[in-house]
file entry_11.cif (mmCIF, C-alpha atoms)
data_start
loop_
_atom_site.label_atom_id
_atom_site.label_comp_id
_atom_site.auth_asym_id
_atom_site.auth_seq_id
_atom_site.Cartn_x
_atom_site.Cartn_y
_atom_site.Cartn_z
CA MET A 933 -35.92 -27.46 -22.76
CA ASN A 934 -36.97 -25.17 -20.00
CA GLU A 935 -35.53 -21.71 -20.80
CA PRO A 936 -35.61 -20.19 -17.28
CA VAL A 937 -33.78 -23.20 -15.84
CA ILE A 938 -31.00 -22.81 -18.41
CA ARG A 939 -30.81 -19.12 -17.59
CA ASP A 940 -30.56 -19.90 -13.87
CA ILE A 941 -27.74 -22.33 -14.51
CA TRP A 942 -25.97 -19.75 -16.68
CA VAL A 943 -26.37 -17.07 -14.01
CA TYR A 944 -24.86 -19.45 -11.47
CA LEU A 945 -21.97 -20.47 -13.72
CA SER A 946 -21.09 -16.95 -14.84
CA THR A 947 -20.64 -15.80 -11.25
CA SER A 948 -18.69 -18.84 -10.07
CA PRO A 949 -15.00 -19.42 -10.75
CA LEU A 950 -15.75 -23.02 -11.76
CA LEU A 951 -16.51 -22.29 -15.42
CA GLY A 952 -13.51 -19.99 -16.05
CA LEU A 953 -11.10 -22.45 -14.48
CA THR A 954 -12.56 -25.47 -16.27
CA ILE A 955 -12.61 -23.91 -19.74
CA THR A 956 -9.00 -22.76 -19.29
CA LEU A 957 -7.86 -26.32 -18.56
CA VAL A 958 -10.06 -27.89 -21.24
CA ALA A 959 -8.92 -25.37 -23.90
CA TYR A 960 -5.28 -25.95 -22.99
CA GLY A 961 -5.79 -29.73 -23.05
CA LEU A 962 -7.30 -29.52 -26.55
CA ALA A 963 -4.62 -27.10 -27.75
CA TYR A 964 -1.90 -29.39 -26.43
CA ARG A 965 -3.38 -32.39 -28.25
CA LEU A 966 -3.55 -30.40 -31.46
CA TYR A 967 0.07 -29.46 -30.95
CA LEU A 968 1.11 -33.11 -30.53
CA LYS A 969 -0.97 -34.06 -33.60
CA SER A 970 0.92 -31.46 -35.66
CA ASN A 971 4.18 -33.26 -34.79
CA SER A 972 5.08 -30.50 -32.32
CA SER A 973 5.14 -27.77 -34.96
CA PRO A 974 6.02 -24.49 -33.19
CA LEU A 975 3.37 -22.75 -35.32
CA VAL A 976 0.62 -24.60 -33.44
CA ASN A 977 1.88 -23.25 -30.09
CA PRO A 978 -0.60 -24.40 -27.39
CA VAL A 979 -0.72 -20.91 -25.83
CA VAL A 980 -1.85 -19.30 -29.11
CA THR A 981 -4.48 -21.93 -29.86
CA SER A 982 -5.94 -22.00 -26.35
CA VAL A 983 -6.00 -18.19 -26.05
CA ALA A 984 -7.75 -17.95 -29.46
CA MET A 985 -10.30 -20.62 -28.47
CA LEU A 986 -11.04 -18.92 -25.14
CA ILE A 987 -11.40 -15.41 -26.61
CA ALA A 988 -13.74 -16.75 -29.31
CA LEU A 989 -15.82 -18.59 -26.70
CA LEU A 990 -16.04 -15.56 -24.37
CA MET A 991 -17.03 -13.25 -27.21
CA LEU A 992 -19.67 -15.67 -28.51
CA THR A 993 -21.25 -16.00 -25.06
CA GLY A 994 -20.86 -12.29 -24.28
CA THR A 995 -18.78 -13.03 -21.18
CA SER A 996 -16.44 -10.27 -19.99
CA TYR A 997 -12.76 -10.86 -19.22
CA GLU A 998 -13.39 -9.97 -15.58
CA GLU A 999 -16.02 -12.73 -15.29
CA TYR A 1000 -13.67 -15.21 -16.95
CA PHE A 1001 -10.77 -14.15 -14.74
CA GLU A 1002 -12.75 -15.11 -11.61
CA GLY A 1003 -11.75 -18.66 -12.56
CA GLY A 1004 -8.67 -17.91 -14.67
CA GLN A 1005 -6.94 -16.28 -11.69
CA PHE A 1006 -6.35 -19.66 -10.07
CA VAL A 1007 -4.14 -20.66 -12.99
CA HIS A 1008 -2.62 -17.17 -13.25
CA PHE A 1009 -1.77 -17.22 -9.55
CA LEU A 1010 0.54 -20.21 -10.04
CA LEU A 1011 2.95 -17.99 -11.99
CA GLY A 1012 4.20 -16.74 -8.59
CA PRO A 1013 5.16 -20.15 -7.11
CA ALA A 1014 6.44 -21.16 -10.58
CA THR A 1015 8.86 -18.22 -10.49
CA VAL A 1016 10.10 -19.34 -7.06
CA ALA A 1017 10.36 -22.91 -8.41
CA LEU A 1018 12.93 -21.73 -10.97
CA ALA A 1019 15.47 -21.83 -8.13
CA VAL A 1020 15.48 -25.64 -8.44
CA PRO A 1021 16.75 -25.99 -12.08
CA LEU A 1022 18.99 -23.00 -11.40
CA TYR A 1023 20.57 -24.82 -8.46
CA GLN A 1024 20.82 -28.12 -10.36
CA GLN A 1025 22.59 -26.48 -13.30
CA PHE A 1026 24.79 -24.37 -11.07
CA SER A 1027 28.03 -26.30 -11.68
CA ARG A 1028 27.48 -25.83 -15.42
CA LEU A 1029 26.81 -22.18 -14.84
CA ARG A 1030 29.94 -21.73 -12.76
CA GLN A 1031 32.03 -22.90 -15.73
CA LEU A 1032 30.27 -20.49 -18.06
CA TRP A 1033 29.51 -17.68 -15.61
CA LEU A 1034 31.40 -14.95 -17.43
CA PRO A 1035 29.92 -15.48 -20.94
CA VAL A 1036 26.48 -16.06 -19.39
CA SER A 1037 26.60 -12.83 -17.34
CA ILE A 1038 27.83 -10.76 -20.29
CA SER A 1039 25.19 -12.17 -22.67
CA LEU A 1040 22.51 -11.78 -20.04
CA VAL A 1041 23.17 -8.12 -19.22
CA CYS A 1042 23.57 -7.23 -22.93
CA GLY A 1043 20.44 -9.24 -23.81
CA VAL A 1044 18.31 -7.53 -21.17
CA VAL A 1045 19.49 -4.04 -22.20
CA ILE A 1046 18.96 -4.84 -25.91
CA ALA A 1047 15.48 -6.29 -25.25
CA ALA A 1048 14.31 -3.21 -23.33
CA GLY A 1049 16.23 -0.63 -25.37
CA SER A 1050 15.16 -1.96 -28.77
CA SER A 1051 11.51 -2.23 -27.83
CA ILE A 1052 11.42 1.30 -26.39
CA GLY A 1053 13.41 2.66 -29.36
CA LEU A 1054 11.36 0.91 -32.04
CA ALA A 1055 8.02 1.83 -30.42
CA TRP A 1056 9.18 5.46 -30.17
CA MET A 1057 10.35 5.55 -33.82
CA LEU A 1058 7.06 4.09 -34.98
CA GLY A 1059 5.12 6.73 -33.07
CA GLY A 1060 3.94 4.66 -30.11
CA SER A 1061 2.79 6.54 -27.00
CA THR A 1062 4.92 6.67 -23.84
CA GLU A 1063 2.54 4.22 -22.15
CA ILE A 1064 3.08 1.71 -24.94
CA GLN A 1065 6.87 2.20 -24.84
CA VAL A 1066 7.13 1.48 -21.12
CA SER A 1067 4.58 -1.33 -21.27
CA LEU A 1068 6.77 -2.98 -23.93
CA ALA A 1069 10.08 -2.45 -22.08
CA PRO A 1070 9.97 -5.50 -19.73
CA LYS A 1071 8.33 -7.79 -22.34
CA SER A 1072 11.13 -10.37 -22.42
CA ALA A 1073 10.91 -11.08 -18.67
CA THR A 1074 8.52 -13.69 -17.32
CA ALA A 1075 4.92 -12.46 -16.78
CA PRO A 1076 4.74 -11.84 -13.00
CA VAL A 1077 8.08 -10.01 -13.03
CA ALA A 1078 7.26 -7.98 -16.15
CA MET A 1079 3.88 -6.94 -14.72
CA GLY A 1080 5.52 -5.79 -11.49
CA ILE A 1081 8.13 -3.77 -13.40
CA SER A 1082 5.54 -2.29 -15.75
CA GLU A 1083 3.65 -1.01 -12.73
CA THR A 1084 6.74 0.65 -11.21
CA ILE A 1085 7.71 2.42 -14.45
CA GLY A 1086 4.24 3.69 -15.29
CA GLY A 1087 3.09 1.11 -17.85
CA ILE A 1088 -0.19 -0.83 -17.97
CA PRO A 1089 0.47 -4.16 -16.15
CA SER A 1090 -2.33 -6.11 -17.85
CA LEU A 1091 -1.24 -4.88 -21.30
CA THR A 1092 2.33 -5.87 -20.44
CA ALA A 1093 1.07 -9.37 -19.57
CA VAL A 1094 -0.42 -9.67 -23.06
CA LEU A 1095 2.78 -8.33 -24.68
CA VAL A 1096 4.86 -10.78 -22.62
CA VAL A 1097 2.80 -13.69 -23.89
CA ALA A 1098 3.03 -12.42 -27.48
CA THR A 1099 6.82 -12.01 -27.15
CA GLY A 1100 7.15 -15.55 -25.82
CA ILE A 1101 5.14 -16.88 -28.74
CA VAL A 1102 7.20 -14.98 -31.35
CA GLY A 1103 10.40 -16.26 -29.72
CA ALA A 1104 9.17 -19.86 -29.42
CA VAL A 1105 7.94 -19.93 -33.02
CA LEU A 1106 10.96 -18.25 -34.65
CA GLY A 1107 13.80 -19.18 -32.26
CA THR A 1108 14.85 -22.55 -33.65
CA LYS A 1109 14.70 -21.21 -37.24
CA LEU A 1110 16.88 -18.23 -36.29
CA PHE A 1111 19.49 -20.47 -34.64
CA GLU A 1112 19.53 -22.71 -37.72
CA TRP A 1113 20.06 -19.66 -39.89
CA MET A 1114 22.88 -18.44 -37.60
CA ARG A 1115 24.39 -21.97 -37.69
CA ILE A 1116 24.39 -22.28 -33.92
CA THR A 1117 24.47 -25.89 -32.72
CA ASP A 1118 25.50 -25.46 -29.08
CA ASP A 1119 22.48 -26.10 -26.85
CA SER A 1120 23.80 -23.88 -24.07
CA VAL A 1121 24.00 -20.89 -26.46
CA LYS A 1122 20.52 -21.57 -27.89
CA GLY A 1123 19.07 -22.01 -24.41
CA ILE A 1124 20.50 -18.76 -23.07
CA ALA A 1125 19.22 -16.76 -26.07
CA MET A 1126 15.78 -18.40 -25.83
CA GLY A 1127 15.43 -17.75 -22.10
CA VAL A 1128 16.59 -14.13 -22.31
CA ALA A 1129 14.38 -13.22 -25.29
CA ALA A 1130 11.32 -15.40 -24.75
CA HIS A 1131 11.10 -16.34 -21.00
CA GLY A 1132 8.82 -19.26 -20.01
CA ILE A 1133 7.10 -19.84 -23.34
CA GLY A 1134 10.52 -20.01 -25.01
CA THR A 1135 11.71 -22.31 -22.22
CA ALA A 1136 8.77 -24.65 -22.76
CA ARG A 1137 9.77 -24.79 -26.44
CA ALA A 1138 13.46 -25.29 -25.53
CA PHE A 1139 12.62 -28.34 -23.39
CA GLN A 1140 11.05 -29.89 -26.50
CA VAL A 1141 14.36 -29.54 -28.37
CA SER A 1142 16.57 -30.99 -25.64
CA SER A 1143 16.71 -31.09 -21.85
CA GLN A 1144 20.03 -29.28 -21.89
CA MET A 1145 18.63 -26.42 -23.97
CA GLY A 1146 15.62 -26.33 -21.63
CA ALA A 1147 17.76 -26.16 -18.50
CA PHE A 1148 19.85 -23.33 -19.90
CA SER A 1149 16.76 -21.50 -21.08
CA GLY A 1150 15.17 -21.85 -17.63
CA LEU A 1151 18.36 -20.59 -16.11
CA ALA A 1152 18.51 -17.59 -18.46
CA MET A 1153 14.84 -16.83 -17.80
CA ALA A 1154 15.39 -16.87 -14.03
CA LEU A 1155 18.51 -14.73 -14.18
CA SER A 1156 17.07 -12.30 -16.71
CA ALA A 1157 13.94 -11.89 -14.59
CA PHE A 1158 16.25 -10.70 -11.86
CA ALA A 1159 18.40 -8.58 -14.20
CA THR A 1160 15.33 -7.00 -15.86
CA ALA A 1161 13.95 -6.02 -12.45
CA LEU A 1162 17.22 -4.26 -11.65
CA ILE A 1163 18.11 -2.79 -15.07
CA VAL A 1164 14.84 -1.73 -16.74
CA PRO A 1165 13.61 0.85 -14.16
CA TRP A 1166 17.09 2.37 -14.23
CA LEU A 1167 17.20 2.37 -18.06
CA VAL A 1168 13.80 4.04 -18.31
CA ASP A 1169 15.00 6.67 -15.86
CA LEU A 1170 18.17 7.19 -17.87
CA LEU A 1171 16.21 7.64 -21.12
CA GLY A 1172 14.07 10.19 -19.33
CA ILE A 1173 10.72 8.54 -20.17
CA MET B 1292 1.51 -35.29 1.24
CA ASN B 1293 4.76 -35.18 -0.65
CA PHE B 1294 3.48 -32.78 -3.33
CA LEU B 1295 1.71 -30.69 -0.71
CA ASN B 1296 4.95 -30.14 1.22
CA GLY B 1297 6.70 -29.03 -1.92
CA ILE B 1298 4.03 -26.54 -2.94
CA THR B 1299 3.83 -25.23 0.64
CA LEU B 1300 7.56 -24.57 0.64
CA LEU B 1301 7.28 -22.62 -2.65
CA LEU B 1302 4.41 -20.54 -1.25
CA VAL B 1303 6.30 -19.82 1.98
CA TYR B 1304 9.28 -18.51 0.01
CA GLN B 1305 7.00 -16.42 -2.20
CA LEU B 1306 5.25 -15.01 0.87
CA VAL B 1307 8.54 -14.15 2.61
CA GLY B 1308 9.73 -12.58 -0.68
CA GLU B 1309 6.58 -10.44 -1.06
CA VAL B 1310 6.68 -9.28 2.57
CA THR B 1311 10.42 -8.44 2.44
CA VAL B 1312 10.02 -6.50 -0.83
CA ARG B 1313 7.25 -4.43 0.72
CA LEU B 1314 8.99 -3.88 4.05
CA LEU B 1315 12.24 -2.72 2.45
CA SER B 1316 10.51 -1.17 -0.62
CA LEU B 1317 12.87 -3.04 -2.97
CA PRO B 1318 12.47 -2.47 -6.75
CA ILE B 1319 12.19 -6.21 -7.55
CA PRO B 1320 9.03 -8.36 -7.58
CA GLY B 1321 8.41 -10.58 -4.53
CA PRO B 1322 8.51 -13.97 -6.34
CA VAL B 1323 11.95 -13.09 -7.78
CA LEU B 1324 13.31 -12.40 -4.30
CA GLY B 1325 11.66 -15.65 -3.16
CA MET B 1326 13.49 -17.46 -5.96
CA VAL B 1327 16.83 -15.96 -4.90
CA MET B 1328 16.22 -16.93 -1.27
CA LEU B 1329 15.27 -20.49 -2.21
CA PHE B 1330 18.34 -20.72 -4.43
CA LEU B 1331 20.59 -19.60 -1.55
CA THR B 1332 18.90 -22.10 0.79
CA LEU B 1333 19.58 -24.93 -1.68
CA MET B 1334 23.20 -23.83 -2.00
CA ILE B 1335 23.63 -23.95 1.78
CA ARG B 1336 21.81 -27.28 2.15
CA GLY B 1337 23.63 -28.78 -0.80
CA ALA B 1338 20.67 -30.89 -2.01
CA THR B 1339 17.12 -30.53 -3.37
CA PRO B 1340 14.49 -32.13 -1.08
CA GLU B 1341 12.35 -34.58 -3.07
CA PRO B 1342 8.97 -32.90 -2.40
CA LEU B 1343 10.36 -29.59 -3.65
CA GLU B 1344 11.80 -31.26 -6.72
CA ASN B 1345 8.40 -32.85 -7.53
CA ALA B 1346 6.38 -29.69 -6.99
CA SER B 1347 8.72 -27.52 -9.02
CA SER B 1348 8.98 -29.89 -11.94
CA ALA B 1349 5.17 -30.26 -11.97
CA LEU B 1350 4.76 -26.47 -12.13
CA LEU B 1351 7.54 -25.87 -14.64
CA SER B 1352 6.49 -28.66 -17.00
CA HIS B 1353 3.14 -26.92 -17.53
CA LEU B 1354 4.56 -23.43 -17.62
CA SER B 1355 2.82 -22.48 -20.89
CA LEU B 1356 -0.59 -23.20 -19.37
CA LEU B 1357 0.05 -20.57 -16.68
CA PHE B 1358 0.30 -17.84 -19.35
CA VAL B 1359 -3.12 -18.57 -20.87
CA PRO B 1360 -5.31 -16.39 -18.58
CA ALA B 1361 -2.96 -13.41 -19.10
CA GLY B 1362 -3.07 -14.03 -22.86
CA VAL B 1363 -6.87 -14.01 -22.87
CA GLY B 1364 -6.52 -10.52 -21.33
CA MET B 1365 -5.82 -9.39 -24.88
CA MET B 1366 -9.59 -9.10 -25.37
CA SER B 1367 -9.83 -6.22 -22.89
CA HIS B 1368 -7.03 -4.36 -24.72
CA PHE B 1369 -8.39 -4.77 -28.27
CA GLY B 1370 -9.15 -1.02 -28.46
CA ARG B 1371 -5.68 0.05 -27.39
CA ILE B 1372 -4.01 -2.53 -29.61
CA ALA B 1373 -6.15 -1.44 -32.59
CA ASP B 1374 -5.21 2.25 -32.01
CA GLU B 1375 -1.47 1.62 -31.90
CA TRP B 1376 -1.21 -1.70 -33.71
CA LEU B 1377 1.76 -0.72 -35.89
CA PRO B 1378 4.23 0.34 -33.16
CA ILE B 1379 3.04 -2.49 -30.89
CA THR B 1380 3.29 -5.37 -33.36
CA LEU B 1381 6.37 -4.19 -35.23
CA ALA B 1382 8.34 -3.17 -32.10
CA LEU B 1383 7.44 -6.43 -30.38
CA PHE B 1384 8.26 -8.62 -33.37
CA LEU B 1385 11.52 -6.92 -34.39
CA SER B 1386 12.80 -6.38 -30.87
CA THR B 1387 12.26 -10.06 -30.01
CA ILE B 1388 14.21 -11.14 -33.10
CA ILE B 1389 16.99 -8.60 -32.42
CA THR B 1390 17.26 -9.73 -28.78
CA MET B 1391 17.35 -13.41 -29.70
CA VAL B 1392 19.97 -12.99 -32.45
CA ALA B 1393 22.14 -10.55 -30.45
CA THR B 1394 22.10 -12.65 -27.26
CA ALA B 1395 22.92 -15.85 -29.18
CA GLY B 1396 25.72 -14.06 -31.04
CA ILE B 1397 27.22 -12.55 -27.88
CA MET B 1398 26.99 -15.87 -26.00
CA GLN B 1399 28.57 -17.73 -28.93
CA VAL B 1400 31.51 -15.32 -29.15
CA THR B 1401 32.10 -14.85 -25.41
CA SER B 1402 31.92 -18.57 -24.58
CA ARG B 1403 34.67 -19.15 -27.16
CA TRP B 1404 36.79 -16.37 -25.68
CA PHE B 1405 36.52 -17.54 -22.12
CA SER B 1406 36.55 -21.32 -22.55
CA SER B 1407 39.78 -22.69 -21.12
CA PRO B 1408 41.70 -24.99 -23.52
CA GLU B 1409 41.08 -28.19 -21.51
CA ASP B 1410 37.33 -27.63 -21.59
CA ALA B 1411 37.24 -27.01 -25.32
CA GLY B 1412 37.10 -30.71 -26.25
CA GLY B 1413 33.68 -31.31 -24.78
CA GLN B 1414 31.55 -30.53 -21.81
CA ARG B 1415 31.93 -32.55 -18.66
CA ASP B 1416 28.88 -34.24 -17.30
CA GLU B 1417 27.93 -34.09 -13.67
#

call {"tool": "encode", "arguments": {"input": "entry_11.cif", "output": "structure tokens"}}
result
Amino acid sequence: MNEPVIRDIWVYLSTSPLLGLTITLVAYGLAYRLYLKSNSSPLVNPVVTSVAMLIALLMLTGTSYEEYFEGGQFVHFLLGPATVALAVPLYQQFSRLRQLWLPVSISLVCGVVIAAGSSIGLAWMLGGSTEIQVSLAPKSATAPVAMGISETIGGIPSLTAVLVVATGIVGAVLGTKLFEWMRITDDSVKGIAMGVAAHGIGTARAFQVSSQMGAFSGLAMALSAFATALIVPWLVDLLGI
Amino acid sequence: MNFLNGITLLLVYQLVGEVTVRLLSLPIPGPVLGMVMLFLTLMIRGATPEPLENASSALLSHLSLLFVPAGVGMMSHFGRIADEWLPITLALFLSTIITMVATAGIMQVTSRWFSSPEDAGGQRDE
């Protein structure tokens, strides 16, 4: 093989968004297949596997995150329209919600306060810096919302994005086990808890359990995104961080 | 064309949301305001247009994929995470479990309190 030609191709690829975008989709495709092969075991969560594959690949080839993100941003960008799209399941489940509006609102506000309060409190007790505490605070909201909040309250938005993904994974992996242990069988209860604690990644998991649980989880994620945006900056202010 | 109309509508709402948030310096992210505005529009119209339905279900059914690039961002925070790994991992792990259990518990109890007797037998379908 002709070395300089390969180098030229590599130079071209590493500056173009094509490679970053393609490897993201290929890695996710492989991770999703692996997930189906494992009989949809939550431990083989496609986000974990594809992130691990991509980090390993980037480190092996000495590619920086910034170079990768040239392509990855096209996928990342879709989080914005996806947030807007949540209005559709929210609207379609609205009659359900109207019946349950009081328990849903109470659980939602308590859930959002507990999510932010417990992460700030635990990080503080364990000696985490202020930056870490505020970056953790919006971790249960969906990524674009959490990043926006993190920025307003003095956190590190890109670190928050990572923490949001990790939170979603923990919730998706442990959620169904926790509900089993609590003997909860009602899909609306499970969905609300999943959406409040583990946003979109939890919702993706909830849709695998049942469409009702998924719809409620999507609903809770949409509403808690809104509640987190209103409550967390105020809570951080109140705690004097 | 169908899918294109749907995605265009989502982007228009996001754009209006972002611009409004900046103009009025609101504390909420633009896409969230866009979501609220789209929700209100659907309530007024009383139906979901088919292109919108297709575009939103396409986006939402692959929601986990959209988190992958942000997750890969972990590699640029390895240093920070290594420095404070104990508070980060433990706070994240425990707080997620606490939130999940507490929210499920509160929802379980409150939905029993507030369910009217005629609804208690089973949920109505639309």

call {"tool": "closest_atom_pairs", "arguments": {"input": "entry_11.cif", "of": "stretch 1340-1413 of chain B", "to": "stretch 971-982 of chain A", "cutoff": "10 Å", "atoms": "only C-alpha atoms", "output": "CSV"}}
result
residue,atom,partner,partner_atom,distance
B:Ser1355,CA,A:Val979,CA,6.3
B:Leu1356,CA,A:Val979,CA,6.9
B:Leu1357,CA,A:Val979,CA,9.2
B:Phe1358,CA,A:Val979,CA,7.2
B:Val1359,CA,A:Val979,CA,6.0
B:Pro1360,CA,A:Ser982,CA,9.6
B:Gly1362,CA,A:Val979,CA,7.9
B:Val1363,CA,A:Ser982,CA,8.8

call {"tool": "resolve_selection", "arguments": {"input": "entry_11.cif", "expression": "the PyMOL selection byres ((chain B) within 6 of (chain A))", "output": "PyMOL selection string"}}
result
chain B and resi 1301-1302+1319-1320+1322+1325-1326+1330+1347+1350+1355+1357+1359-1363+1365+1378+1382+1386+1390-1391+1394-1395+1397-1398+1401-1402

call {"tool": "write_last_selection", "arguments": {"input": "entry_11.cif", "atoms": "C-alpha atoms", "output": "short mmCIF file (atom, residue, chain, number, x, y, z; two decimals), in the coordinates of the input"}}
result
data_model
loop_
_atom_site.label_atom_id
_atom_site.label_comp_id
_atom_site.auth_asym_id
_atom_site.auth_seq_id
_atom_site.Cartn_x
_atom_site.Cartn_y
_atom_site.Cartn_z
CA LEU B 1301 7.28 -22.62 -2.65
CA LEU B 1302 4.41 -20.54 -1.25
CA ILE B 1319 12.19 -6.21 -7.55
CA PRO B 1320 9.03 -8.36 -7.58
CA PRO B 1322 8.51 -13.97 -6.34
CA GLY B 1325 11.66 -15.65 -3.16
CA MET B 1326 13.49 -17.46 -5.96
CA PHE B 1330 18.34 -20.72 -4.43
CA SER B 1347 8.72 -27.52 -9.02
CA LEU B 1350 4.76 -26.47 -12.13
CA SER B 1355 2.82 -22.48 -20.89
CA LEU B 1357 0.05 -20.57 -16.68
CA VAL B 1359 -3.12 -18.57 -20.87
CA PRO B 1360 -5.31 -16.39 -18.58
CA ALA B 1361 -2.96 -13.41 -19.10
CA GLY B 1362 -3.07 -14.03 -22.86
CA VAL B 1363 -6.87 -14.01 -22.87
CA MET B 1365 -5.82 -9.39 -24.88
CA PRO B 1378 4.23 0.34 -33.16
CA ALA B 1382 8.34 -3.17 -32.10
CA SER B 1386 12.80 -6.38 -30.87
CA THR B 1390 17.26 -9.73 -28.78
CA MET B 1391 17.35 -13.41 -29.70
CA THR B 1394 22.10 -12.65 -27.26
CA ALA B 1395 22.92 -15.85 -29.18
CA ILE B 1397 27.22 -12.55 -27.88
CA MET B 1398 26.99 -15.87 -26.00
CA THR B 1401 32.10 -14.85 -25.41
CA SER B 1402 31.92 -18.57 -24.58
#

call {"tool": "atom_distance", "arguments": {"input": "entry_11.cif", "atom1": "atom CA of B:Thr1299", "atom2": "atom CA of B:Pro1342"}}
result
9.7 Å

call {"tool": "atom_distance", "arguments": {"input": "entry_11.cif", "atom1": "atom CA of B:Asn1293", "atom2": "atom CA of B:Met1334"}}
result
21.7 Å

call {"tool": "atom_distance", "arguments": {"input": "entry_11.cif", "atom1": "atom CA of B:Leu1315", "atom2": "atom CA of A:Ala1152"}}
result
26.4 Å

call {"tool": "build_atoms", "arguments": {"input": "entry_11.cif", "residues": "stretch 1374-1390 of chain B", "atoms": "N, CA and C atoms", "output": "mmCIF file, keeping the file's coordinate frame"}}
result
data_model
loop_
_atom_site.group_PDB
_atom_site.id
_atom_site.type_symbol
_atom_site.label_atom_id
_atom_site.label_comp_id
_atom_site.auth_asym_id
_atom_site.auth_seq_id
_atom_site.Cartn_x
_atom_site.Cartn_y
_atom_site.Cartn_z
ATOM 1 N N ASP B 1374 -5.662 0.858 -31.838
ATOM 2 C CA ASP B 1374 -5.210 2.250 -32.010
ATOM 3 C C ASP B 1374 -3.729 2.331 -32.373
ATOM 4 N N GLU B 1375 -2.926 1.503 -31.717
ATOM 5 C CA GLU B 1375 -1.470 1.620 -31.900
ATOM 6 C C GLU B 1375 -0.902 0.302 -32.409
ATOM 7 N N TRP B 1376 -1.621 -0.351 -33.317
ATOM 8 C CA TRP B 1376 -1.210 -1.700 -33.710
ATOM 9 C C TRP B 1376 0.148 -1.737 -34.392
ATOM 10 N N LEU B 1377 0.483 -0.687 -35.157
ATOM 11 C CA LEU B 1377 1.760 -0.720 -35.890
ATOM 12 C C LEU B 1377 2.960 -0.670 -34.955
ATOM 13 N N PRO B 1378 3.074 0.368 -34.072
ATOM 14 C CA PRO B 1378 4.230 0.340 -33.160
ATOM 15 C C PRO B 1378 4.232 -0.903 -32.262
ATOM 16 N N ILE B 1379 3.070 -1.336 -31.795
ATOM 17 C CA ILE B 1379 3.040 -2.490 -30.890
ATOM 18 C C ILE B 1379 3.552 -3.743 -31.588
ATOM 19 N N THR B 1380 2.929 -4.095 -32.726
ATOM 20 C CA THR B 1380 3.290 -5.370 -33.360
ATOM 21 C C THR B 1380 4.709 -5.345 -33.918
ATOM 22 N N LEU B 1381 5.062 -4.238 -34.587
ATOM 23 C CA LEU B 1381 6.370 -4.190 -35.230
ATOM 24 C C LEU B 1381 7.498 -4.125 -34.189
ATOM 25 N N ALA B 1382 7.312 -3.285 -33.143
ATOM 26 C CA ALA B 1382 8.340 -3.170 -32.100
ATOM 27 C C ALA B 1382 8.504 -4.508 -31.394
ATOM 28 N N LEU B 1383 7.386 -5.159 -31.091
ATOM 29 C CA LEU B 1383 7.440 -6.430 -30.380
ATOM 30 C C LEU B 1383 8.148 -7.497 -31.214
ATOM 31 N N PHE B 1384 7.736 -7.595 -32.473
ATOM 32 C CA PHE B 1384 8.260 -8.620 -33.370
ATOM 33 C C PHE B 1384 9.759 -8.414 -33.619
ATOM 34 N N LEU B 1385 10.119 -7.188 -34.065
ATOM 35 C CA LEU B 1385 11.520 -6.920 -34.390
ATOM 36 C C LEU B 1385 12.419 -6.988 -33.166
ATOM 37 N N SER B 1386 11.955 -6.412 -32.053
ATOM 38 C CA SER B 1386 12.800 -6.380 -30.870
ATOM 39 C C SER B 1386 13.052 -7.797 -30.336
ATOM 40 N N THR B 1387 12.047 -8.675 -30.457
ATOM 41 C CA THR B 1387 12.260 -10.060 -30.010
ATOM 42 C C THR B 1387 13.308 -10.751 -30.880
ATOM 43 N N ILE B 1388 13.230 -10.539 -32.196
ATOM 44 C CA ILE B 1388 14.210 -11.140 -33.100
ATOM 45 C C ILE B 1388 15.602 -10.583 -32.833
ATOM 46 N N ILE B 1389 15.689 -9.241 -32.688
ATOM 47 C CA ILE B 1389 16.990 -8.600 -32.420
ATOM 48 C C ILE B 1389 17.596 -9.166 -31.134
ATOM 49 N N THR B 1390 16.768 -9.240 -30.075
ATOM 50 C CA THR B 1390 17.260 -9.730 -28.780
ATOM 51 C C THR B 1390 17.780 -11.154 -28.895
#
